[in-house]
Amino acid sequence: MAKIQINGKKITIKSNYSILDLLKKYKLSNKKVAIELNGIIIPKIKYNKNFLKDNDKVEIVHFIGGG
Amino acid sequence: MKKDILKVAGKSLKSRLIVGTGKYKDFIETAKAVKASDADMVTVAIRRINILDKNKPILTDYLNPKKIIFLPNTAGCFNSIEALRTLRLAREMGGWKLIKLEVLGDKKTLYPNMMETIKANKILVKEGFKVMVYCTDDPILAKKLEDDGASAIMPLASPIGSGLGLQNKINISLIIKQSKVPVIVDAGIGTASDATIAMELGCDGVLINSAIANAKNPILMAKAFKDAVISGRNSYLAGRMNKNYFASPSSPTKGLI
C-alpha cells in the first residue's frame with residue numbers, strides 16, 4: 001500500500017502500482033493527458049515503468065477551453 | 001490573385017482568424033462557434049483533469065486536434081517558471097512545439113509581465129518551441145521578442161476580456177511596420193468591426209475569444225468575425241483611398257444640364 005496525492009487529492013493505492021495502472025483506474029487515455037511525478041514530467045513511454053511510492057505527488061493535466 | 005495564406009512557424013493558415021475556446025456555455029457551443037468562425041487554429045488551456053468525474057465531457061471529445069491546430073496557452077501563469085512548466089507539459093501531451101506564451105503581470109488588468117515574458121521566450125526558443133507571444137504594444141519590447149526568436153508577435157488591443165477594441169493604433173502600426181514575423185492582435189477586441197480595423201492596419205491576424213463567447217449569439221458572432229477579418233484583410237490589400245479635407249464629387253460635373 002502507498003499513500004499518494006493525485007491532483008491535490010490524497011488516495012491510497014496498492015504496492016507496485018504504475019502510472020499506467022493509475023490511468024487505467026481513472027479510465028484516462030494516455031494520449032489526452034500529460035503527467036508530472038514530483039514535479040518532473042514523465043514521458044508517455046515510461047508510464048508502465050514508473051511505480052508509485054508513499055508521498056508521491058502526481059499531477060495529471062489535459063487541455064481545456066481557454067483564450 | 002494568388003492565395004493569401006498566413007504562414008506562422010511553418011504552418012499555413014487559410015484563415016487569419018484564430019479563436020479561443022474559453023467562456024462558452026458548453027462544448028457543443030464551443031464546437032459550433034469554432035466551425036462558424038472557419039478558424040484553422042484554436043487556443044486551449046492546460047489544467048488538472050477531474051479524476052472524480054470520469055464521465056465529464058472533455059474538450060478533445062468535441063474538437064479534434066488532428067483537424068484543427070491546437071495552440072496551448074499559459075493563461076493564468078504569472079511568472080516564467082509557471083509558464084515553462086505548463087508548456088513543457090503541453091509538449092508532452094500532444095507533441096506540440098507551437099505554443100502561445102502569455103505571462104500575466106496583474107490579476108486586475110491581466111496586462112503582460114514583459115520582463116518574465118522576455119525571459120520565458122528566450123528559454124522556450126532555446127528548447128525548440130515555436131513561440132507565439134502575447135505582449136504589450138511597446139514596439140521596442142516587441143522587437144526584442146522577435147530578435148530573441150519569437151514566431152509571432154501578439155500585442156494586446158486592450159486588456160483581455162475588456163472588449164474595448166484597438167486602443168493604440170499608432171503602436172500597433174509601428175509593430176506591424178518593423179516586424180518580419182506575423183503580428184496578430186490578441187486580447188481586447190470587442191466586436192467584429194474592431195477586427196476589421198486591426199486587419200486594415202495590416203495585422204496578419206487576430207485572436208478572438210470573449211467577443212465571440214460572450215456575444216448573445218456566439219455562433220452568429222463567430223461568423224461575423226470570419227467575415228470581418230476577410231473584409232479587413234481585403235481592404236488592407238486593396239489599399240484605401242487618400243483622405244481629403246474637402247469634398248470631391250462622385251458624379252462627373254461635365255455635361256451638367
# chains A, B, ... in the order shown; residues from 1 in each chain; ligands from 1
>>> select_by_dssp(residues="range 28-183 of chain B", states="strand (DSSP E)", output="list in words")
Met41, Val42, Thr43, Val44, Ala45, Ile46, Arg47, Arg48, Ile69, Phe70, Leu71, Pro72, Leu98, Ile99, Lys100, Leu101, Lys130, Val131, Met132, Val133, Tyr134, Cys135, Ala152, Ile153, Met154 and Pro155 of chain B
>>> interface_residues(of="chain A", to="chain B", cutoff="7 Å", atoms="only C-alpha atoms", output="PyMOL selection string")
chain A and resi 7+26-27+31-34+41+43+59-67
>>> write_last_selection(atoms="N, CA and C atoms", output="PDB file, in the first residue's frame")
ATOM      1  N   ASN A   7      -3.469  15.161  -8.212  1.00  0.00           N
ATOM      2  CA  ASN A   7      -4.129  16.455  -8.416  1.00  0.00           C
ATOM      3  C   ASN A   7      -4.622  17.051  -7.097  1.00  0.00           C
ATOM      4  N   TYR A  26      -8.568   5.423 -13.450  1.00  0.00           N
ATOM      5  CA  TYR A  26      -9.444   6.571 -13.691  1.00  0.00           C
ATOM      6  C   TYR A  26      -9.955   6.621 -15.135  1.00  0.00           C
ATOM      7  N   LYS A  27      -9.731   5.549 -15.862  1.00  0.00           N
ATOM      8  CA  LYS A  27     -10.188   5.436 -17.266  1.00  0.00           C
ATOM      9  C   LYS A  27      -9.719   6.628 -18.104  1.00  0.00           C
ATOM     10  N   LYS A  31      -3.168   9.319 -24.283  1.00  0.00           N
ATOM     11  CA  LYS A  31      -2.966  10.241 -25.411  1.00  0.00           C
ATOM     12  C   LYS A  31      -3.477  11.634 -25.081  1.00  0.00           C
ATOM     13  N   LYS A  32      -4.379  11.729 -24.135  1.00  0.00           N
ATOM     14  CA  LYS A  32      -5.023  13.019 -23.877  1.00  0.00           C
ATOM     15  C   LYS A  32      -4.525  13.719 -22.612  1.00  0.00           C
ATOM     16  N   VAL A  33      -3.533  13.141 -21.964  1.00  0.00           N
ATOM     17  CA  VAL A  33      -3.051  13.755 -20.727  1.00  0.00           C
ATOM     18  C   VAL A  33      -1.529  13.897 -20.738  1.00  0.00           C
ATOM     19  N   ALA A  34      -1.045  14.695 -19.789  1.00  0.00           N
ATOM     20  CA  ALA A  34       0.392  14.743 -19.521  1.00  0.00           C
ATOM     21  C   ALA A  34       0.537  14.606 -18.009  1.00  0.00           C
ATOM     22  N   ILE A  41       8.256  15.876 -15.389  1.00  0.00           N
ATOM     23  CA  ILE A  41       7.366  15.343 -16.434  1.00  0.00           C
ATOM     24  C   ILE A  41       7.810  13.929 -16.806  1.00  0.00           C
ATOM     25  N   PRO A  43       7.697  10.976 -19.500  1.00  0.00           N
ATOM     26  CA  PRO A  43       7.335  10.682 -20.898  1.00  0.00           C
ATOM     27  C   PRO A  43       6.330   9.530 -20.964  1.00  0.00           C
ATOM     28  N   GLU A  59       0.568  14.865 -10.818  1.00  0.00           N
ATOM     29  CA  GLU A  59      -0.313  15.860 -11.446  1.00  0.00           C
ATOM     30  C   GLU A  59      -0.695  15.328 -12.820  1.00  0.00           C
ATOM     31  N   ILE A  60      -1.998  15.245 -13.079  1.00  0.00           N
ATOM     32  CA  ILE A  60      -2.464  14.816 -14.398  1.00  0.00           C
ATOM     33  C   ILE A  60      -3.215  15.984 -15.025  1.00  0.00           C
ATOM     34  N   VAL A  61      -2.715  16.461 -16.155  1.00  0.00           N
ATOM     35  CA  VAL A  61      -3.353  17.618 -16.789  1.00  0.00           C
ATOM     36  C   VAL A  61      -3.868  17.258 -18.179  1.00  0.00           C
ATOM     37  N   HIS A  62      -4.760  18.091 -18.665  1.00  0.00           N
ATOM     38  CA  HIS A  62      -5.271  17.921 -20.034  1.00  0.00           C
ATOM     39  C   HIS A  62      -5.632  19.283 -20.595  1.00  0.00           C
ATOM     40  N   PHE A  63      -6.047  19.292 -21.866  1.00  0.00           N
ATOM     41  CA  PHE A  63      -6.426  20.550 -22.500  1.00  0.00           C
ATOM     42  C   PHE A  63      -7.871  20.894 -22.153  1.00  0.00           C
ATOM     43  N   ILE A  64      -8.077  22.139 -21.801  1.00  0.00           N
ATOM     44  CA  ILE A  64      -9.451  22.621 -21.589  1.00  0.00           C
ATOM     45  C   ILE A  64      -9.646  23.885 -22.436  1.00  0.00           C
ATOM     46  N   GLY A  65     -10.864  24.396 -22.465  1.00  0.00           N
ATOM     47  CA  GLY A  65     -11.121  25.612 -23.214  1.00  0.00           C
ATOM     48  C   GLY A  65     -10.371  26.788 -22.622  1.00  0.00           C
ATOM     49  N   GLY A  66      -9.821  27.616 -23.472  1.00  0.00           N
ATOM     50  CA  GLY A  66      -9.092  28.789 -22.996  1.00  0.00           C
ATOM     51  C   GLY A  66      -8.806  29.752 -24.128  1.00  0.00           C
ATOM     52  N   GLY A  67      -8.471  30.982 -23.755  1.00  0.00           N
ATOM     53  CA  GLY A  67      -8.286  32.022 -24.771  1.00  0.00           C
ATOM     54  C   GLY A  67      -6.848  32.337 -25.068  1.00  0.00           C
TER      55      GLY A  67
END
>>> closest_residue(among="B:Ala9, B:Ile68, B:Met132, B:Ala192", to="Ala228 in chain B", atoms="only C-alpha atoms")
B:Ala192
>>> select_by_dssp(residues="range 6-248 of chain B", states="helix (DSSP H, G or I)", output="JSON, numbers by chain")
{"B": [27, 28, 29, 30, 31, 32, 33, 34, 35, 36, 37, 59, 60, 61, 80, 81, 82, 83, 84, 85, 86, 87, 88, 89, 90, 91, 92, 93, 94, 114, 115, 116, 117, 118, 119, 120, 121, 122, 123, 124, 125, 126, 139, 140, 141, 142, 143, 144, 145, 146, 147, 169, 170, 171, 172, 173, 174, 175, 176, 177, 178, 192, 193, 194, 195, 196, 197, 198, 199, 200, 201, 210, 211, 212, 213, 218, 219, 220, 221, 222, 223, 224, 225, 226, 227, 228, 229, 230, 231, 232, 233, 234, 235, 236, 237, 238]}
>>> residues_around(residues="Glu200 in chain B", least_positions_apart="3", cutoff="9 Å", atoms="only C-alpha atoms", output="list in words")
Ala195, Thr196, Ile197, Cys203, Val229, Ser231, Gly232, Arg233, Asn234, Ser235, Tyr236, Leu237, Gly239 and Arg240 of chain B
>>> write_last_selection(atoms="all heavy atoms", output="CSV table (one decimal), in the first residue's frame")
chain,number,residue,atom,x,y,z
B,195,ALA,N,-12.1,44.0,-35.3
B,195,ALA,CA,-11.2,43.1,-36.0
B,195,ALA,C,-10.9,43.6,-37.4
B,195,ALA,O,-9.8,43.5,-37.9
B,195,ALA,CB,-11.9,41.7,-36.1
B,196,THR,N,-11.9,44.2,-38.0
B,196,THR,CA,-11.7,44.8,-39.4
B,196,THR,C,-10.7,45.9,-39.3
B,196,THR,O,-9.8,46.0,-40.1
B,196,THR,CB,-13.0,45.3,-39.9
B,196,THR,OG1,-14.0,44.3,-39.9
B,196,THR,CG2,-12.9,45.8,-41.4
B,197,ILE,N,-10.8,46.8,-38.3
B,197,ILE,CA,-9.9,47.9,-38.1
B,197,ILE,C,-8.4,47.3,-37.9
B,197,ILE,O,-7.5,47.8,-38.6
B,197,ILE,CB,-10.3,48.8,-36.9
B,197,ILE,CG1,-11.6,49.5,-37.2
B,197,ILE,CG2,-9.2,49.8,-36.5
B,197,ILE,CD1,-12.2,50.2,-36.1
B,203,CYS,N,-2.4,44.1,-39.7
B,203,CYS,CA,-2.2,43.0,-38.9
B,203,CYS,C,-2.3,41.7,-39.7
B,203,CYS,O,-3.1,41.6,-40.7
B,203,CYS,CB,-3.2,42.9,-37.8
B,203,CYS,SG,-3.0,44.0,-36.5
B,229,VAL,N,-12.8,39.7,-40.6
B,229,VAL,CA,-11.4,39.5,-40.8
B,229,VAL,C,-11.1,39.5,-42.3
B,229,VAL,O,-10.1,40.1,-42.8
B,229,VAL,CB,-10.9,38.3,-40.1
B,229,VAL,CG1,-9.5,37.9,-40.5
B,229,VAL,CG2,-10.9,38.5,-38.6
B,231,SER,N,-12.9,40.8,-44.7
B,231,SER,CA,-13.1,42.1,-45.2
B,231,SER,C,-12.0,43.1,-44.9
B,231,SER,O,-11.5,43.8,-45.8
B,231,SER,CB,-14.4,42.6,-44.5
B,231,SER,OG,-14.9,43.7,-45.2
B,232,GLY,N,-11.5,43.1,-43.7
B,232,GLY,CA,-10.4,43.9,-43.3
B,232,GLY,C,-9.1,43.6,-44.0
B,232,GLY,O,-8.4,44.5,-44.5
B,233,ARG,N,-8.9,42.3,-44.2
B,233,ARG,CA,-7.7,41.9,-45.0
B,233,ARG,C,-7.8,42.4,-46.4
B,233,ARG,O,-6.8,42.9,-47.0
B,233,ARG,CB,-7.6,40.4,-44.9
B,233,ARG,CG,-6.4,39.8,-45.6
B,233,ARG,CD,-5.1,40.2,-45.0
B,233,ARG,NE,-4.0,39.7,-45.8
B,233,ARG,CZ,-2.7,40.0,-45.6
B,233,ARG,NH1,-2.4,40.9,-44.6
B,233,ARG,NH2,-1.7,39.5,-46.3
B,234,ASN,N,-8.9,42.1,-47.0
B,234,ASN,CA,-9.1,42.6,-48.4
B,234,ASN,C,-9.0,44.1,-48.6
B,234,ASN,O,-8.3,44.6,-49.5
B,234,ASN,CB,-10.5,42.1,-49.0
B,234,ASN,CG,-10.5,40.6,-49.3
B,234,ASN,OD1,-9.4,40.0,-49.5
B,234,ASN,ND2,-11.7,40.1,-49.4
B,235,SER,N,-9.5,44.8,-47.6
B,235,SER,CA,-9.4,46.2,-47.6
B,235,SER,C,-8.0,46.7,-47.5
B,235,SER,O,-7.5,47.6,-48.2
B,235,SER,CB,-10.2,46.8,-46.4
B,235,SER,OG,-10.1,48.2,-46.3
B,236,TYR,N,-7.2,46.0,-46.6
B,236,TYR,CA,-5.8,46.3,-46.5
B,236,TYR,C,-5.0,46.1,-47.8
B,236,TYR,O,-4.3,46.9,-48.3
B,236,TYR,CB,-5.2,45.5,-45.4
B,236,TYR,CG,-3.7,45.5,-45.3
B,236,TYR,CD1,-3.0,46.6,-44.9
B,236,TYR,CD2,-2.9,44.4,-45.8
B,236,TYR,CE1,-1.6,46.7,-44.9
B,236,TYR,CE2,-1.6,44.4,-45.8
B,236,TYR,CZ,-0.9,45.6,-45.3
B,236,TYR,OH,0.5,45.6,-45.3
B,237,LEU,N,-5.3,44.9,-48.4
B,237,LEU,CA,-4.6,44.5,-49.6
B,237,LEU,C,-5.0,45.5,-50.8
B,237,LEU,O,-4.2,45.8,-51.7
B,237,LEU,CB,-4.9,43.1,-50.0
B,237,LEU,CG,-4.4,42.0,-49.1
B,237,LEU,CD1,-4.9,40.6,-49.5
B,237,LEU,CD2,-2.8,42.0,-49.1
B,239,GLY,N,-5.8,48.6,-50.6
B,239,GLY,CA,-5.2,49.9,-50.4
B,239,GLY,C,-6.3,51.0,-50.4
B,239,GLY,O,-6.9,51.2,-51.4
B,240,ARG,N,-6.5,51.6,-49.3
B,240,ARG,CA,-7.6,52.6,-49.1
B,240,ARG,C,-7.3,53.9,-49.9
B,240,ARG,O,-6.1,54.2,-50.2
B,240,ARG,CB,-7.9,52.9,-47.7
B,240,ARG,CG,-6.7,53.6,-46.9
B,240,ARG,CD,-7.3,54.4,-45.7
B,240,ARG,NE,-8.1,55.5,-46.3
B,240,ARG,CZ,-9.2,56.0,-45.6
B,240,ARG,NH1,-9.5,55.5,-44.5
B,240,ARG,NH2,-9.8,57.0,-46.1
>>> closest_residue(among="A:Lys44, A:Asn30, A:Phe51, A:Val58", to="Met1 in chain A", atoms="only C-alpha atoms")
A:Phe51
>>> residues_around(residues="range 110-115 of chain B", least_positions_apart="6", cutoff="7 Å", atoms="only C-alpha atoms", output="mmCIF file with all heavy atoms, in the first residue's frame")
data_model
loop_
_atom_site.group_PDB
_atom_site.id
_atom_site.type_symbol
_atom_site.label_atom_id
_atom_site.label_comp_id
_atom_site.auth_asym_id
_atom_site.auth_seq_id
_atom_site.Cartn_x
_atom_site.Cartn_y
_atom_site.Cartn_z
ATOM 1 N N GLU B 102 2.079 33.427 -22.590
ATOM 2 C CA GLU B 102 1.315 34.535 -22.000
ATOM 3 C C GLU B 102 1.673 34.575 -20.531
ATOM 4 O O GLU B 102 1.283 33.689 -19.785
ATOM 5 C CB GLU B 102 -0.172 34.234 -22.239
ATOM 6 C CG GLU B 102 -1.144 35.029 -21.446
ATOM 7 C CD GLU B 102 -2.616 34.635 -21.766
ATOM 8 O OE1 GLU B 102 -2.871 33.954 -22.767
ATOM 9 O OE2 GLU B 102 -3.481 35.004 -20.982
ATOM 10 N N VAL B 103 2.491 35.547 -20.144
ATOM 11 C CA VAL B 103 2.819 35.690 -18.728
ATOM 12 C C VAL B 103 2.166 36.977 -18.229
ATOM 13 O O VAL B 103 2.443 38.059 -18.732
ATOM 14 C CB VAL B 103 4.346 35.737 -18.467
ATOM 15 C CG1 VAL B 103 4.619 35.692 -16.960
ATOM 16 C CG2 VAL B 103 5.064 34.590 -19.163
ATOM 17 N N LEU B 104 1.283 36.810 -17.264
ATOM 18 C CA LEU B 104 0.495 37.945 -16.797
ATOM 19 C C LEU B 104 1.185 38.659 -15.643
ATOM 20 O O LEU B 104 1.921 38.064 -14.865
ATOM 21 C CB LEU B 104 -0.888 37.454 -16.377
ATOM 22 C CG LEU B 104 -1.640 36.692 -17.486
ATOM 23 C CD1 LEU B 104 -2.892 36.035 -16.928
ATOM 24 C CD2 LEU B 104 -1.975 37.616 -18.641
ATOM 25 N N CYS B 135 1.914 40.056 -25.839
ATOM 26 C CA CYS B 135 2.803 41.100 -25.315
ATOM 27 C C CYS B 135 2.109 42.460 -25.275
ATOM 28 O O CYS B 135 0.998 42.622 -25.778
ATOM 29 C CB CYS B 135 4.068 41.175 -26.168
ATOM 30 S SG CYS B 135 3.763 41.467 -27.915
ATOM 31 N N THR B 136 2.797 43.415 -24.707
ATOM 32 C CA THR B 136 2.308 44.792 -24.711
ATOM 33 C C THR B 136 2.493 45.361 -26.122
ATOM 34 O O THR B 136 3.143 44.738 -26.968
ATOM 35 C CB THR B 136 3.087 45.669 -23.712
ATOM 36 O OG1 THR B 136 4.476 45.617 -24.067
ATOM 37 C CG2 THR B 136 2.930 45.182 -22.284
ATOM 38 N N PRO B 159 -7.078 45.430 -22.601
ATOM 39 C CA PRO B 159 -6.988 44.290 -21.676
ATOM 40 C C PRO B 159 -7.868 43.084 -22.059
ATOM 41 O O PRO B 159 -8.966 43.257 -22.621
ATOM 42 C CB PRO B 159 -7.427 44.892 -20.350
ATOM 43 C CG PRO B 159 -7.002 46.317 -20.445
ATOM 44 C CD PRO B 159 -7.255 46.695 -21.878
ATOM 45 N N ILE B 160 -7.371 41.904 -21.734
ATOM 46 C CA ILE B 160 -8.059 40.636 -22.008
ATOM 47 C C ILE B 160 -9.508 40.695 -21.521
ATOM 48 O O ILE B 160 -9.769 41.056 -20.375
ATOM 49 C CB ILE B 160 -7.341 39.461 -21.287
ATOM 50 C CG1 ILE B 160 -5.935 39.269 -21.853
ATOM 51 C CG2 ILE B 160 -8.135 38.158 -21.392
ATOM 52 C CD1 ILE B 160 -5.084 38.240 -21.104
#
>>> closest_residue(among="B:Lys243, B:Leu84, B:Lys107, B:Ile140", to="Lys126 in chain B", atoms="only C-alpha atoms")
B:Leu84
>>> residues_around(residues="Leu166 in chain B", least_positions_apart="6", cutoff="10 Å", atoms="only C-alpha atoms", output="PyMOL selection string")
chain B and resi 156-159+172+185+187-190+194-195+197-198
>>> closest_residue(among="A:Leu52, A:Ile45, A:Ile40, A:Lys57", to="Tyr17 in chain A", atoms="only C-alpha atoms")
A:Leu52
